[in-house]
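Q: Structure file structure_37.txt (compact mmCIF, C-alpha atoms) is given on the next line.
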# COMPACT_ATOMS: atom_id res chain seq x y z
CA MET C 77 114.46 132.05 108.90
CA SER C 78 111.23 131.87 106.92
CA PHE C 79 110.86 129.40 104.11
CA ASN C 80 108.53 128.07 101.42
CA VAL C 81 107.06 124.57 101.63
CA LEU C 82 105.39 122.28 99.10
CA VAL C 83 102.95 119.60 100.34
CA VAL C 84 102.17 116.83 97.81
CA ASP C 85 99.47 114.29 98.70
CA ASP C 86 96.47 113.00 96.75
CA SER C 87 94.26 113.38 99.84
CA ALA C 88 93.02 116.96 100.27
CA VAL C 89 92.23 116.17 103.91
CA MET C 90 95.77 114.93 104.55
CA ARG C 91 97.26 118.02 102.83
CA SER C 92 95.06 120.20 105.01
CA MET C 93 96.11 118.28 108.12
CA ILE C 94 99.82 118.60 107.30
CA ILE C 95 99.49 122.32 106.52
CA ARG C 96 97.69 122.90 109.82
CA ILE C 97 100.50 121.12 111.66
CA LEU C 98 103.07 123.25 109.84
CA LYS C 99 101.28 126.46 110.79
CA LEU C 100 101.09 125.38 114.44
CA SER C 101 104.66 124.13 114.57
CA GLY C 102 106.23 127.36 115.73
CA LEU C 103 108.40 127.34 112.60
CA SER C 104 108.14 130.25 110.20
CA PHE C 105 106.80 129.68 106.69
CA SER C 106 106.34 132.26 103.94
CA GLU C 107 104.39 130.28 101.36
CA ILE C 108 102.82 126.84 101.65
CA TYR C 109 102.03 125.34 98.24
CA GLU C 110 100.04 122.14 97.75
CA ALA C 111 99.60 119.62 94.94
CA PRO C 112 97.55 116.41 94.57
CA ASN C 113 100.19 114.45 92.64
CA GLY C 114 103.84 114.46 91.60
CA ARG C 115 103.23 116.03 88.20
CA ASP C 116 101.46 119.07 89.66
CA GLY C 117 104.11 119.25 92.37
CA LEU C 118 106.87 119.47 89.75
CA GLU C 119 104.98 122.27 87.98
CA ILE C 120 104.90 124.25 91.23
CA LEU C 121 108.64 123.66 91.67
CA ASP C 122 109.15 124.93 88.13
CA ARG C 123 107.43 128.24 88.86
CA ASN C 124 108.31 128.89 92.51
CA TRP C 125 111.21 128.79 94.91
CA VAL C 126 110.60 126.03 97.45
CA ASP C 127 112.84 125.27 100.45
CA LEU C 128 111.24 122.02 101.61
CA ALA C 129 108.90 119.42 100.10
CA LEU C 130 106.69 116.93 101.95
CA VAL C 131 105.75 114.16 99.53
CA ASP C 132 103.41 111.17 99.71
CA ILE C 133 104.44 108.04 97.78
CA ASN C 134 101.25 106.34 96.66
CA MET C 135 99.55 108.88 94.35
CA PRO C 136 97.81 108.72 90.97
CA ILE C 137 99.15 110.34 87.77
CA MET C 138 102.72 110.57 89.12
CA ASN C 139 103.74 108.85 92.36
CA GLY C 140 106.15 110.26 94.92
CA GLU C 141 109.11 108.09 93.94
CA GLU C 142 109.03 109.31 90.33
CA MET C 143 108.64 112.89 91.49
CA ILE C 144 111.66 112.57 93.79
CA ASP C 145 113.72 110.96 91.01
CA ARG C 146 112.90 113.89 88.71
CA ILE C 147 113.81 116.41 91.41
CA ARG C 148 117.13 114.69 92.09
CA GLY C 149 117.81 114.61 88.33
CA ASN C 150 117.21 118.33 87.86
CA LYS C 151 120.38 120.26 88.71
CA ASP C 152 118.40 123.39 89.62
CA ILE C 153 116.51 121.66 92.45
CA SER C 154 118.46 118.43 93.00
CA ASP C 155 119.38 119.33 96.59
CA LEU C 156 115.83 120.22 97.66
CA PRO C 157 115.22 118.84 101.19
CA ILE C 158 112.41 116.27 100.98
CA ILE C 159 110.39 114.50 103.66
CA VAL C 160 108.43 111.46 102.48
CA VAL C 161 105.14 111.13 104.41
CA SER C 162 103.76 107.70 103.66
CA THR C 163 102.19 104.51 105.01
CA GLU C 164 104.98 102.45 103.41
CA SER C 165 106.39 99.95 105.93
CA ASN C 166 108.24 97.39 103.84
CA VAL C 167 111.87 97.56 104.96
CA GLY C 168 113.23 97.20 101.44
CA ARG C 169 111.06 99.91 99.92
CA VAL C 170 111.67 102.30 102.80
CA GLU C 171 115.43 101.79 102.42
CA THR C 172 115.19 102.35 98.66
CA ILE C 173 113.30 105.61 99.29
CA ARG C 174 115.80 106.72 101.95
CA GLN C 175 118.63 106.23 99.46
CA LYS C 176 117.14 109.09 97.45
CA ASN C 177 118.46 111.38 100.20
CA VAL C 178 115.12 111.98 101.90
CA GLU C 179 113.79 111.77 105.44
CA PHE C 180 110.86 109.45 106.12
CA VAL C 181 107.80 110.08 108.30
CA HIS C 182 105.40 107.20 108.67
CA LYS C 183 101.60 107.75 108.62
CA PRO C 184 99.97 108.11 111.07
CA PHE C 185 102.37 110.62 112.62
CA THR C 186 102.20 112.97 115.55
CA PRO C 187 102.64 116.71 114.98
CA GLU C 188 105.81 116.64 117.08
CA VAL C 189 107.42 113.93 114.93
CA LEU C 190 106.82 115.99 111.79
CA ARG C 191 108.16 119.14 113.46
CA LYS C 192 111.32 117.40 114.70
CA THR C 193 111.95 115.90 111.27
CA ILE C 194 111.64 119.33 109.61
CA ILE C 195 114.08 120.85 112.11
CA GLN C 196 116.49 117.93 111.68
CA LEU C 197 116.40 118.17 107.89
CA THR C 198 116.46 121.93 107.42
CA GLY C 199 118.50 122.96 110.44
CA VAL C 200 116.05 125.76 111.25
CA SER C 201 115.88 126.98 114.81
CA ASN C 202 114.14 124.83 117.36
CA GLU C 203 113.08 127.94 119.25
CA PRO C 204 109.45 129.03 119.03
CA LEU C 205 109.06 132.42 117.39
CA CYS C 206 106.74 133.82 120.03
CA GLY C 207 105.36 132.28 123.19
CA GLU C 208 105.20 128.56 123.72
CA ASN C 209 105.21 126.12 120.87
CA PRO C 210 101.62 124.81 120.70
CA LEU C 211 102.80 121.37 119.66
CA SER C 212 105.12 120.84 122.59
CA GLU C 213 102.54 120.36 125.31
CA GLY C 214 99.19 119.19 124.12
CA GLY C 215 99.95 116.01 122.18
CA PRO C 216 97.66 115.59 119.21
CA ASP C 217 95.13 118.13 120.44
CA PHE C 218 95.68 120.81 117.79
CA MET H 70 89.06 83.70 109.93
CA ASN H 71 92.38 84.17 111.70
CA HIS H 72 92.23 85.40 115.30
CA SER H 73 95.87 86.58 115.35
CA ALA H 74 95.21 88.64 112.24
CA GLU H 75 92.06 90.07 113.84
CA LYS H 76 93.92 91.11 116.98
CA ILE H 77 96.57 92.89 114.93
CA LEU H 78 94.00 94.50 112.64
CA TYR H 79 91.99 95.74 115.64
CA ARG H 80 95.08 97.14 117.39
CA LYS H 81 96.37 98.93 114.28
CA ALA H 82 92.97 100.30 113.28
CA ALA H 83 92.17 101.55 116.79
CA LEU H 84 95.53 103.33 116.99
CA ILE H 85 95.00 104.97 113.60
CA PHE H 86 91.51 106.15 114.53
CA GLU H 87 93.10 107.77 117.58
CA GLU H 88 96.13 109.31 115.90
CA LEU H 89 94.62 110.29 112.55
CA GLY H 90 91.01 111.00 113.49
CA PHE H 91 91.30 111.77 117.21
CA LEU H 92 88.49 109.28 117.85
CA MET H 93 88.82 107.10 120.95
CA PRO H 94 87.44 103.54 120.72
CA GLN H 95 85.06 102.44 123.48
CA SER H 96 85.99 99.42 125.54
CA ASP H 97 82.75 97.51 124.81
CA VAL H 98 83.04 94.26 122.90
CA CYS H 99 81.33 94.62 119.54
CA ASP H 100 80.60 91.86 117.06
CA ASN H 101 77.71 93.43 115.20
CA PHE H 102 79.26 94.03 111.80
CA GLN H 103 77.67 96.73 109.70
CA MET H 104 77.86 96.41 105.92
CA ASP H 105 75.18 98.70 104.54
CA ASN H 106 76.70 102.07 105.38
CA PRO H 107 79.05 104.37 103.49
CA GLY H 108 82.59 103.13 103.44
CA SER H 109 85.81 102.98 101.50
CA PHE H 110 87.98 100.20 100.20
CA VAL H 111 91.51 99.79 98.94
CA THR H 112 92.67 96.86 96.83
CA PHE H 113 96.24 95.63 97.08
CA HIS H 114 98.65 93.39 95.18
CA GLY H 115 101.67 91.45 96.38
CA PRO H 116 102.31 87.90 97.61
CA PHE H 117 98.55 87.66 97.18
CA ASN H 118 95.85 90.09 96.11
CA GLY H 119 93.12 91.39 98.34
CA CYS H 120 91.08 94.27 99.63
CA LEU H 121 90.57 96.15 102.88
CA LEU H 122 87.15 97.67 103.45
CA ILE H 123 85.87 100.07 106.12
CA SER H 124 82.22 100.78 106.84
CA LEU H 125 81.17 103.50 109.30
CA THR H 126 77.86 104.08 111.11
CA GLY H 127 76.41 106.97 113.04
CA GLU H 128 78.31 110.23 113.17
CA ILE H 129 81.79 108.77 112.91
CA LEU H 130 82.40 109.90 109.35
CA SER H 131 81.37 113.44 110.17
CA ASN H 132 83.48 113.45 113.35
CA LEU H 133 86.46 111.92 111.57
CA SER H 134 86.56 114.46 108.76
CA SER H 135 85.98 117.45 111.04
CA ASN H 136 88.72 116.26 113.42
CA MET H 137 91.20 115.65 110.60
CA LEU H 138 90.50 119.13 109.23
CA GLY H 139 90.62 120.68 112.69
CA GLN H 140 87.29 122.42 112.36
CA GLU H 141 84.12 122.51 114.43
CA GLU H 142 81.66 122.68 111.55
CA PRO H 143 80.86 119.61 109.41
CA ALA H 144 83.12 119.01 106.45
CA SER H 145 81.77 118.95 102.91
CA LYS H 146 80.60 115.64 101.44
CA GLN H 147 83.68 115.64 99.21
CA MET H 148 86.03 116.08 102.17
CA GLU H 149 84.18 113.40 104.16
CA GLU H 150 84.74 110.91 101.34
CA ASP H 151 88.37 111.98 101.04
CA ALA H 152 88.91 111.48 104.80
CA LEU H 153 87.40 108.01 104.61
CA ARG H 154 89.57 107.05 101.63
CA GLU H 155 92.69 108.25 103.44
CA LEU H 156 91.68 106.33 106.55
CA ALA H 157 91.38 103.11 104.53
CA ASN H 158 94.74 103.80 102.90
CA VAL H 159 96.54 104.32 106.22
CA ILE H 160 94.90 101.34 107.96
CA CYS H 161 95.65 99.04 105.03
CA GLY H 162 99.22 100.32 104.69
CA ASN H 163 99.88 99.68 108.37
CA ALA H 164 97.90 96.48 108.87
CA LEU H 165 99.33 94.42 105.99
CA PRO H 166 102.99 94.55 107.10
CA ALA H 167 101.96 94.10 110.73
CA ILE H 168 100.00 90.96 109.86
CA PHE H 169 102.12 89.45 107.10
CA GLY H 170 105.59 90.82 107.89
CA LEU H 171 107.76 93.80 107.03
CA LYS H 172 109.56 91.93 104.27
CA GLU H 173 106.47 91.34 102.17
CA VAL H 174 105.89 93.98 99.51
CA PHE H 175 102.28 95.01 98.98
CA HIS H 176 101.30 97.66 96.46
CA LEU H 177 98.13 99.57 97.33
CA ASP H 178 95.77 100.96 94.70
CA THR H 179 94.14 104.35 95.10
CA PRO H 180 91.33 103.98 97.69
CA SER H 181 87.71 104.34 96.59
CA PHE H 182 84.56 105.53 98.34
CA CYS H 183 81.52 103.25 98.30
CA GLN H 184 77.93 103.75 99.41
CA ASN H 185 77.83 100.22 100.86
CA MET H 186 79.72 96.95 100.64
CA GLN H 187 77.48 95.58 97.90
CA SER H 188 78.98 98.12 95.51
CA VAL H 189 82.55 96.88 96.00
CA PRO H 190 83.70 95.10 92.81
CA LYS H 191 84.54 91.38 92.96
CA LEU H 192 83.85 91.17 96.70
CA SER H 193 82.21 87.76 96.33
CA GLU H 194 85.46 86.39 94.91
CA TYR H 195 87.39 87.15 98.10
CA THR H 196 87.81 85.15 101.29
CA THR H 197 87.59 86.92 104.63
CA VAL H 198 90.96 86.91 106.43
CA ALA H 199 89.90 89.07 109.37
CA LYS H 200 87.06 91.34 110.41
CA VAL H 201 86.82 93.64 113.39
CA ALA H 202 84.19 96.02 114.73
CA ILE H 203 85.31 99.02 116.75
CA PRO H 204 82.68 100.86 118.80
CA PHE H 205 82.88 104.63 119.34
CA GLU H 206 80.75 107.03 121.30
CA ASN H 207 78.78 108.07 118.21
CA GLY H 208 78.83 104.98 116.03
CA GLN H 209 80.85 102.01 114.92
CA ALA H 210 83.56 101.11 112.45
CA SER H 211 83.54 97.71 110.77
CA ILE H 212 86.78 96.73 109.06
CA PHE H 213 87.17 93.74 106.77
CA LEU H 214 90.37 92.29 105.33
CA TYR H 215 89.76 90.11 102.29
CA ALA H 216 92.13 88.05 100.18
CA GLU H 217 91.98 86.02 97.02
CA SER H 218 92.15 82.31 97.80
CA ALA H 219 95.93 82.09 98.22
CA GLY H 220 95.96 84.88 100.77
CA ALA H 221 93.48 83.25 103.11
CA GLU H 222 96.10 80.66 104.07
CA TYR H 223 99.06 83.03 104.04
CA PRO H 224 101.16 82.75 107.22
CA ILE H 225 100.74 85.43 109.86
CA ALA H 226 104.11 86.98 110.66
CA VAL H 227 103.50 88.13 114.21
CA SER H 228 102.12 85.79 116.84
CA GLU H 229 99.88 87.47 119.41
Hey, can you dump this file as structure tokens for me?
A:
Amino acid sequence: MSFNVLVVDDSAVMRSMIIRILKLSGLSFSEIYEAPNGRDGLEILDRNWVDLALVDINMPIMNGEEMIDRIRGNKDISDLPIIVVSTESNVGRVETIRQKNVEFVHKPFTPEVLRKTIIQLTGVSNEPLCGENPLSEGGPDF
Amino acid sequence: MNHSAEKILYRKAALIFEELGFLMPQSDVCDNFQMDNPGSFVTFHGPFNGCLLISLTGEILSNLSSNMLGQEEPASKQMEEDALRELANVICGNALPAIFGLKEVFHLDTPSFCQNMQSVPKLSEYTTVAKVAIPFENGQASIFLYAESAGAEYPIAVSE
């Protein structure tokens, strides 16, 4: 199964890092879209079919929580699988975010944690498409 | 200055340099704090207000951004500044709950790049809670945690 992903983070370096991990994950992606804030992320969702969104919380213009609330309130995309990728550690805020039916990956994360979370959330095959999965052996050396 | 807070700040920051920037701290003890180099800072609000500031020397900024981008060649100036802002964001977001407890709610502002510490707004109004210097093969990171007056006496949640 090949699917489209949206990465939303105000840091261009972090978006690039996440996209590189996705490409090396052994999972199959058709399109990888990126946006620097929730507003731009919603515009991409308006124009394109997306199967999975990875969303930061603390962003200017529109933060991740508001973006997720708008997604969940839009019947066309309300069931979009979402992974929050954030530094947030407060137990109350993390629980509030989890109640929006999202998975949570804490920054800093290892490539393998992100890969496992994607597989867990989307149910895509754990099998590498060809050869060995590059994330399974070398730790963070990618 | 609080030594428990400094131990936690050092441990968290060193781990984040490793996991986010693939930069391994050296084991040398370092107490030569550098304040006149490019850095980034993030202000925060919560039980008290404050600021976390990072200043880097040598080739660390170049190494950090290249490693985060997974490329051999140097990153652009814009990407270097972005990498440094993200580093401050992640260190601050991890250090505050580790030092002051997971139940405290801190809201972080968008991080900013600065040419040196003198250009950080209102820095003279803060009290230093903790400062650590982390040596690397090609330079040094100095990290400062500041608080408005109430924060300087705020209880540390984790005893070391």
Q: Find the spatial neighbours of Lys81 of chain H, counting only C-alpha atoms, within a cut-off of 9 Å - ignore same-chain residues fewer than 6 positions away - and output them as a list in words.
A: Ile160, Asn163, Ala164 and Ala167 of chain H
Q: Which residues of chain H have any atom within 7 Å of an atom in chain C when counting only C-alpha atoms, and what is the closest pair of atoms for each, with the distance in Å to one decimal? Order the rows by chain and rising number and write it as CSV.
A:
residue,atom,partner,partner_atom,distance
H:Ile85,CA,C:Pro184,CA,6.4
H:Glu88,CA,C:Pro184,CA,6.3
H:Leu89,CA,C:Pro184,CA,6.0
H:Met137,CA,C:Met93,CA,6.1
H:Leu138,CA,C:Met93,CA,5.8
H:Met148,CA,C:Val89,CA,6.4
H:Asp151,CA,C:Ser87,CA,6.2
H:Ala152,CA,C:Val89,CA,5.8
H:Glu155,CA,C:Ser87,CA,6.5
H:Val159,CA,C:Thr163,CA,5.8
H:Gly162,CA,C:Thr163,CA,5.1
H:Asn163,CA,C:Thr163,CA,6.3
H:Pro166,CA,C:Ser165,CA,6.5
H:Leu171,CA,C:Asn166,CA,4.8
H:Lys172,CA,C:Asn166,CA,5.6
H:Glu173,CA,C:Asn166,CA,6.5
H:Val174,CA,C:Asn166,CA,6.0
Q: Using only C-alpha atoms, which residues sit within 12 Å of Pro157 of chain C once same-chain residues fewer than 6 positions away are excluded, as a PyMOL selection string?
A: chain C and resi 79-82+126-131+144+147-148+176-180+193-199
Q: Which residues are close to Glu217 of chain H, i.e. within 9 Å by only C-alpha atoms, leaving aside same-chain residues fewer than 5 positions away? Reply as a PyMOL selection string.
A: chain H and resi 117-120+194-197
Q: Output the selection as a PDB file, keeping the file's coordinate frame - C-alpha atoms for each residue.
A:
ATOM      1  CA  PHE H 117      98.550  87.660  97.180  1.00  0.00           C
ATOM      2  CA  ASN H 118      95.850  90.090  96.110  1.00  0.00           C
ATOM      3  CA  GLY H 119      93.120  91.390  98.340  1.00  0.00           C
ATOM      4  CA  CYS H 120      91.080  94.270  99.630  1.00  0.00           C
ATOM      5  CA  GLU H 194      85.460  86.390  94.910  1.00  0.00           C
ATOM      6  CA  TYR H 195      87.390  87.150  98.100  1.00  0.00           C
ATOM      7  CA  THR H 196      87.810  85.150 101.290  1.00  0.00           C
ATOM      8  CA  THR H 197      87.590  86.920 104.630  1.00  0.00           C
TER       9      THR H 197
END
Q: With 6 Å of padding per side, what axis-aligned box (centre and edge lengths, Å, one decimal) covers all the listed atoms of segment 90-109 of chain C? Give it as AutoDock Vina command-line options.
A:
--center_x 101.7 --center_y 123.6 --center_z 107.0 --size_x 25.3 --size_y 29.3 --size_z 29.5
Q: Skip Gly108 of chain H itself and residues of its chain fewer than 4 positions away, then list as an MDAnalysis selection string all residues within 7 Å of it, counting only C-alpha atoms.
A: chainID H and resid 123:125 153 182:185
Q: Near Met143 of chain C, within 12 Å and counting only C-alpha atoms, which residues show up once chain neighbours fewer than 4 positions away are dropped, as a PyMOL selection string?
A: chain C and resi 84-85+111+113-121+129-139+147-150+153-154+156+158+160+173+176
Q: Kindly give the distance, in Å, that separates atom CA of Ala157 of chain H and atom CA of Phe110 of chain H, rounded to a single decimal.
A: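 About the pair atom CA of Ala157 of chain H and atom CA of Phe110 of chain H: they are 6.2 Å apart.
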Q: Find, counting all atoms listed in the file, the residue in H:Val111, H:Ile129, H:Ala82, H:Ile77 that gets nearest to Gln209 of chain H.
A: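 Smallest distance to Gln209 of chain H is found for H:Ile129.
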Q: Using Å and a single decimal, report how far atom CA of Phe213 of chain H sits from atom CA of Leu121 of chain H.
A: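 Between these atoms lies a distance of 5.7 Å.
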